Amino acid sequence: MPMNTSLFSKVGYLQYNIELGNPQANLERVISLVEMLAPPPGCLLVLPELWAYGFDYARSLELAKKTSYLLEQLAVIATEKNIYFAGSLLEIEQDAVDPFNTLFLLGPEGLCGSNRKQHLFGFWKEDKYFQAGDTPRPITTPFGLVGTLVCYDLRFPVLANVSAFQGAHLLIVSAEWPLARVKQWEILLQARAIENQMYVVACNSIGMTGKIDFGGASMVIGPDGTVLKKAGVNEEVGLVSLSSDEIDSLRNRFCTVGERPSYGNENKIILGVPILKNKVREIKKLGSKIVFTNGCFDILHSGHVHYLQEARKRGDCLLVGLNSDGSVRSLKGDGRPVNAEMDRARVLAALECVDFVIIFDQDTPQELIVELMPDVLVKGSDWPENKIVGASEVKGEGGEVVRIDFKHDISTTKVLRKIQQNK
């Protein structure tokens with residue numbers, strides 16, 4: 001069955017050595033490389049990560065304020081040449097402390113869209129200076145949907161798959177990837193193309209920027225993993241024609257992007273502290289940040305879901321302590337809970353944001369928190385920190401306590417009251 005795949009007819013990269021902290025010099029270099037390449041109308045050119053200034057951490061906020069000007073200058077070129085650009089720059093929100101590392105895609109009609117870097121590279125201290133994004137999605141262009149990754153995001157396959165499943169047939173990667181790991185860069189780019197049966201165009205920087213030697217090897221890769229064009233370690237531009245027939249041919253034979261089985265959630269329900277404690281110990285060895293919260297979650301509603309989603313964003317793994325039936329009765333009276341503990345546990349475990357559920361019998365999760373010792377303890381903002389069970393213990397071990405606002409005017413009590421009124 002024909003898929004009517006929509007693509008840019010040509011895509012390319014502008015690979016060069018970024019001059020640290022010098023937006024004007026790098027902008028002029030981009031203009032010069034565009035003139036050298038003489039791209040045809042309608043093509044897409046990808047630039048390196050933070051293409052106008054590199055990782056000049058000390059001046060991040062100052063440089064972020066130049067992003068509007070830089071995008072305006074790119075838009076002028078895009079309009080004159082009738083072409084498109086994609087590359088990352090710093091983005092600052094009003095009153096924000098730290099900027100985002102954001103990939104912008106623009107063309108003759110203006111900004112098509114943007115995506116913030118989802119995974120900050122802690123090894124280079126990015127998480128100390130930047131904020132991470134949390135809404136990966138493909139960008140809509142006149143030539144179809146385009147997926148985007150910024151450098152370290154390349155190591156997380158789910159991000160590319162999200163865009164592919166939503167209909168993207170092209171993946172853009174804007175990066176400053178070091179020479180020391182350039183072989184991994186090449187393998188990962190090919191893997192993203194193969195597993196998603198999509199074209200990949202990736203641009204890296206070269207040479208020394210600051211104290212880091214970058215590896216080049218900008219590439220355009222076909223949906224079967226074939227390298228269509230690859231740069232070396234010097235300044236280089238490249239341009240490749242794309243064919244929608246290649247993707248259609250592959251996906252009509254078998255489409256790995258479309259196969260998304262559910263693997264169930266029973267392994268999320270943990271009833272014994274020793275089992276979960278061992279799991280937490282192994283997860284922490286990976287450097288993961290463990291988040292813990294608790295509650296009765298008797299009748300799960302939108303307020304609960306928003307709260308749990310926000311809790312999960314505070315780390316890498318969310319543990320939910322669930323009051324047992326006896327514990328709920330002790331706290332709320334003989335008429336509660338409405339739903340039995342295993343039913344409540346299964347509903348929680350079905351949520352994507354929840355990694356593990358553990359049932360406890362006590363009125364509070366004090367013992368559980370001390371046993372598991374999470375890195376982040378989360379409660380609602382209606383709780384003052386000095387009243388949050390386990391807060392002092394977690395902070396004493398170097399962890400943090402986070403209080404989350406409730407965005408939905410709803411509660412289990414209100415739901416039950418409405419049910420009674422409608423009888």
# chains A, B, ... in the order shown; residues from 1 in each chain; ligands from 1
>>> closest_atom_pairs(of="stretch 161-198 of chain A", to="stretch 253-269 of chain A", cutoff="12 Å", atoms="only C-alpha atoms", output="JSON lines")
{"residue": "A:Asn161", "atom": "CA", "partner": "A:Val257", "partner_atom": "CA", "distance": 7.1}
{"residue": "A:Val162", "atom": "CA", "partner": "A:Val257", "partner_atom": "CA", "distance": 9.3}
{"residue": "A:Ser163", "atom": "CA", "partner": "A:Val257", "partner_atom": "CA", "distance": 9.9}
{"residue": "A:Ala164", "atom": "CA", "partner": "A:Val257", "partner_atom": "CA", "distance": 6.7}
{"residue": "A:Phe165", "atom": "CA", "partner": "A:Val257", "partner_atom": "CA", "distance": 5.9}
{"residue": "A:Gln166", "atom": "CA", "partner": "A:Val257", "partner_atom": "CA", "distance": 9.6}
{"residue": "A:Gly167", "atom": "CA", "partner": "A:Val257", "partner_atom": "CA", "distance": 9.6}
{"residue": "A:Ala168", "atom": "CA", "partner": "A:Val257", "partner_atom": "CA", "distance": 10.5}
{"residue": "A:His169", "atom": "CA", "partner": "A:Val257", "partner_atom": "CA", "distance": 10.7}
{"residue": "A:Arg192", "atom": "CA", "partner": "A:Val257", "partner_atom": "CA", "distance": 11.1}
{"residue": "A:Ala193", "atom": "CA", "partner": "A:Val257", "partner_atom": "CA", "distance": 10.9}
{"residue": "A:Ile194", "atom": "CA", "partner": "A:Thr256", "partner_atom": "CA", "distance": 9.2}
{"residue": "A:Glu195", "atom": "CA", "partner": "A:Thr256", "partner_atom": "CA", "distance": 6.7}
{"residue": "A:Asn196", "atom": "CA", "partner": "A:Val257", "partner_atom": "CA", "distance": 5.5}
{"residue": "A:Gln197", "atom": "CA", "partner": "A:Val257", "partner_atom": "CA", "distance": 7.3}
{"residue": "A:Met198", "atom": "CA", "partner": "A:Val257", "partner_atom": "CA", "distance": 9.5}
>>> select_by_dssp(residues="stretch 163-403 of chain A", states="strand (DSSP E or B)", output="PyMOL selection string")
chain A and resi 170-174+178+199-203+206-209+212-215+219-221+227-230+236-241+269-270+290-295+317-323+356-360+376-380+400-403
>>> write_last_selection(atoms="C-alpha atoms", output="mmCIF file, in the first residue's frame")
data_model
loop_
_atom_site.group_PDB
_atom_site.id
_atom_site.type_symbol
_atom_site.label_atom_id
_atom_site.label_comp_id
_atom_site.auth_asym_id
_atom_site.auth_seq_id
_atom_site.Cartn_x
_atom_site.Cartn_y
_atom_site.Cartn_z
ATOM 1 C CA LEU A 170 13.463 12.357 8.587
ATOM 2 C CA LEU A 171 15.514 12.713 11.780
ATOM 3 C CA ILE A 172 17.772 15.733 12.378
ATOM 4 C CA VAL A 173 20.689 15.549 14.810
ATOM 5 C CA SER A 174 22.527 18.722 15.825
ATOM 6 C CA PRO A 178 33.826 14.640 20.824
ATOM 7 C CA TYR A 199 16.512 9.153 6.877
ATOM 8 C CA VAL A 200 18.962 10.749 9.302
ATOM 9 C CA VAL A 201 20.929 13.944 8.689
ATOM 10 C CA ALA A 202 23.422 14.803 11.424
ATOM 11 C CA CYS A 203 25.812 17.712 11.784
ATOM 12 C CA ILE A 206 35.148 19.954 14.411
ATOM 13 C CA GLY A 207 38.423 20.979 15.977
ATOM 14 C CA MET A 208 39.054 22.438 19.400
ATOM 15 C CA THR A 209 36.275 24.497 20.930
ATOM 16 C CA ILE A 212 37.282 19.726 23.775
ATOM 17 C CA ASP A 213 38.307 18.271 20.416
ATOM 18 C CA PHE A 214 35.208 17.581 18.331
ATOM 19 C CA GLY A 215 35.026 14.724 15.858
ATOM 20 C CA MET A 219 26.464 12.241 7.958
ATOM 21 C CA VAL A 220 23.388 11.596 5.879
ATOM 22 C CA ILE A 221 22.088 8.041 6.318
ATOM 23 C CA VAL A 227 25.768 5.955 4.746
ATOM 24 C CA LEU A 228 24.942 8.225 1.813
ATOM 25 C CA LYS A 229 27.459 10.916 2.669
ATOM 26 C CA LYS A 230 29.998 11.349 5.442
ATOM 27 C CA GLU A 236 33.106 20.379 5.063
ATOM 28 C CA VAL A 237 29.661 20.827 3.575
ATOM 29 C CA GLY A 238 27.496 18.090 2.122
ATOM 30 C CA LEU A 239 24.204 17.744 0.297
ATOM 31 C CA VAL A 240 22.247 14.582 -0.533
ATOM 32 C CA SER A 241 19.046 13.874 -2.458
ATOM 33 C CA ILE A 269 3.863 -4.261 41.768
ATOM 34 C CA ILE A 270 6.305 -5.103 44.554
ATOM 35 C CA ILE A 290 15.258 7.629 42.754
ATOM 36 C CA VAL A 291 12.027 9.546 43.474
ATOM 37 C CA PHE A 292 9.528 8.486 46.145
ATOM 38 C CA THR A 293 5.996 9.621 46.896
ATOM 39 C CA ASN A 294 3.046 8.027 48.640
ATOM 40 C CA GLY A 295 -0.698 8.122 49.051
ATOM 41 C CA CYS A 317 12.676 6.174 38.626
ATOM 42 C CA LEU A 318 9.433 6.757 40.562
ATOM 43 C CA LEU A 319 8.508 4.583 43.534
ATOM 44 C CA VAL A 320 4.963 4.955 44.843
ATOM 45 C CA GLY A 321 4.206 3.895 48.395
ATOM 46 C CA LEU A 322 0.570 2.805 48.590
ATOM 47 C CA ASN A 323 -1.392 2.688 51.854
ATOM 48 C CA PHE A 356 7.288 0.552 41.082
ATOM 49 C CA VAL A 357 4.409 0.321 43.558
ATOM 50 C CA ILE A 358 4.885 -0.931 47.110
ATOM 51 C CA ILE A 359 2.091 -1.429 49.648
ATOM 52 C CA PHE A 360 2.710 -0.480 53.293
ATOM 53 C CA VAL A 376 14.041 12.844 46.031
ATOM 54 C CA LEU A 377 11.030 12.824 48.342
ATOM 55 C CA VAL A 378 7.882 14.333 46.801
ATOM 56 C CA LYS A 379 4.687 15.554 48.496
ATOM 57 C CA GLY A 380 1.950 18.037 47.667
ATOM 58 C CA GLU A 400 16.059 16.711 48.423
ATOM 59 C CA VAL A 401 12.405 17.316 49.244
ATOM 60 C CA VAL A 402 10.116 18.623 46.490
ATOM 61 C CA ARG A 403 6.609 20.013 47.048
#
>>> closest_atom_pairs(of="stretch 238-357 of chain A", to="stretch 125-133 of chain A", cutoff="12 Å", atoms="only C-alpha atoms", output="JSON lines")
{"residue": "A:Lys313", "atom": "CA", "partner": "A:Ala132", "partner_atom": "CA", "distance": 10.1}
{"residue": "A:Arg314", "atom": "CA", "partner": "A:Ala132", "partner_atom": "CA", "distance": 11.1}
{"residue": "A:Gly315", "atom": "CA", "partner": "A:Ala132", "partner_atom": "CA", "distance": 11.8}
>>> write_last_selection(atoms="C-alpha atoms", output="compact mmCIF listing (two decimals), in the first residue's frame")
# COMPACT_ATOMS: atom_id res chain seq x y z
CA LYS A 313 10.10 14.38 36.16
CA ARG A 314 12.19 14.93 39.29
CA GLY A 315 14.32 11.87 38.64
>>> closest_residue(among="A:Ile388, A:Ile369, A:Leu276, A:Leu7", to="A:Gly144", atoms="only C-alpha atoms")
A:Leu7
>>> closest_residue(among="A:Pro384, A:Thr140, A:Arg116, A:Leu106", to="A:Gln73", atoms="only C-alpha atoms")
A:Leu106
>>> residues_around(residues="A:Lys10", least_positions_apart="2", cutoff="9 Å", atoms="only C-alpha atoms", output="ChimeraX atom specification")
/A:7-8,12,39-40,42-45,239-243
>>> residues_around(residues="A:Gln184", least_positions_apart="6", cutoff="10 Å", atoms="only C-alpha atoms", output="MDAnalysis selection string")
chainID A and resid 155 177 190
>>> residues_around(residues="A:Asn115", least_positions_apart="3", cutoff="7 Å", atoms="only C-alpha atoms", output="list of chain:residue names")
A:Thr102, A:Leu103, A:Phe104, A:Pro136, A:Thr148
>>> closest_residue(among="A:Gln362, A:Ser288, A:Ser324, A:Ser330", to="A:Ala345", atoms="only C-alpha atoms")
A:Ser324
>>> closest_residue(among="A:Leu188, A:Val11, A:Leu372, A:Ala391", to="A:Pro157", atoms="only C-alpha atoms")
A:Leu188
>>> closest_residue(among="A:Leu63, A:Leu308, A:Ile83, A:Val328", to="A:Glu352", atoms="only C-alpha atoms")
A:Leu308
>>> atom_distance(atom1="atom CA of A:Ala191", atom2="atom CA of A:Gly216")
18.2 Å
>>> residues_around(residues="A:Phe55", least_positions_apart="2", cutoff="8 Å", atoms="only C-alpha atoms", output="PyMOL selection string")
chain A and resi 20-21+50+53+57+60+210
>>> write_last_selection(atoms="N, CA and C atoms", output="short mmCIF file (atom, residue, chain, number, x, y, z; two decimals), in the first residue's frame")
data_model
loop_
_atom_site.label_atom_id
_atom_site.label_comp_id
_atom_site.auth_asym_id
_atom_site.auth_seq_id
_atom_site.Cartn_x
_atom_site.Cartn_y
_atom_site.Cartn_z
N LEU A 20 34.38 29.71 20.05
CA LEU A 20 33.72 29.77 21.35
C LEU A 20 33.32 31.20 21.73
N GLY A 21 32.02 31.38 22.01
CA GLY A 21 31.52 32.64 22.52
C GLY A 21 31.53 33.80 21.54
N LEU A 50 24.55 24.38 19.33
CA LEU A 50 25.00 25.69 19.79
C LEU A 50 25.94 26.31 18.76
N TYR A 53 27.94 29.77 19.24
CA TYR A 53 28.84 30.14 20.33
C TYR A 53 29.42 28.97 21.10
N TYR A 57 29.78 28.25 29.03
CA TYR A 57 28.90 28.20 30.19
C TYR A 57 28.83 29.53 30.95
N SER A 60 26.34 31.93 29.39
CA SER A 60 25.14 31.30 28.82
C SER A 60 23.95 32.24 28.76
N GLY A 210 37.03 25.50 23.01
CA GLY A 210 37.32 25.43 24.43
C GLY A 210 38.40 24.38 24.66
#
>>> residues_around(residues="A:Glu72", least_positions_apart="3", cutoff="12 Å", atoms="only C-alpha atoms", output="PyMOL selection string")
chain A and resi 27+66-69+75-79+85+104+106-111
>>> closest_residue(among="A:Glu49, A:Glu80, A:Asp361, A:Asp98", to="A:Glu62", atoms="only C-alpha atoms")
A:Asp98
>>> atom_distance(atom1="atom CA of A:Glu93", atom2="atom CA of A:Leu71")
16.0 Å
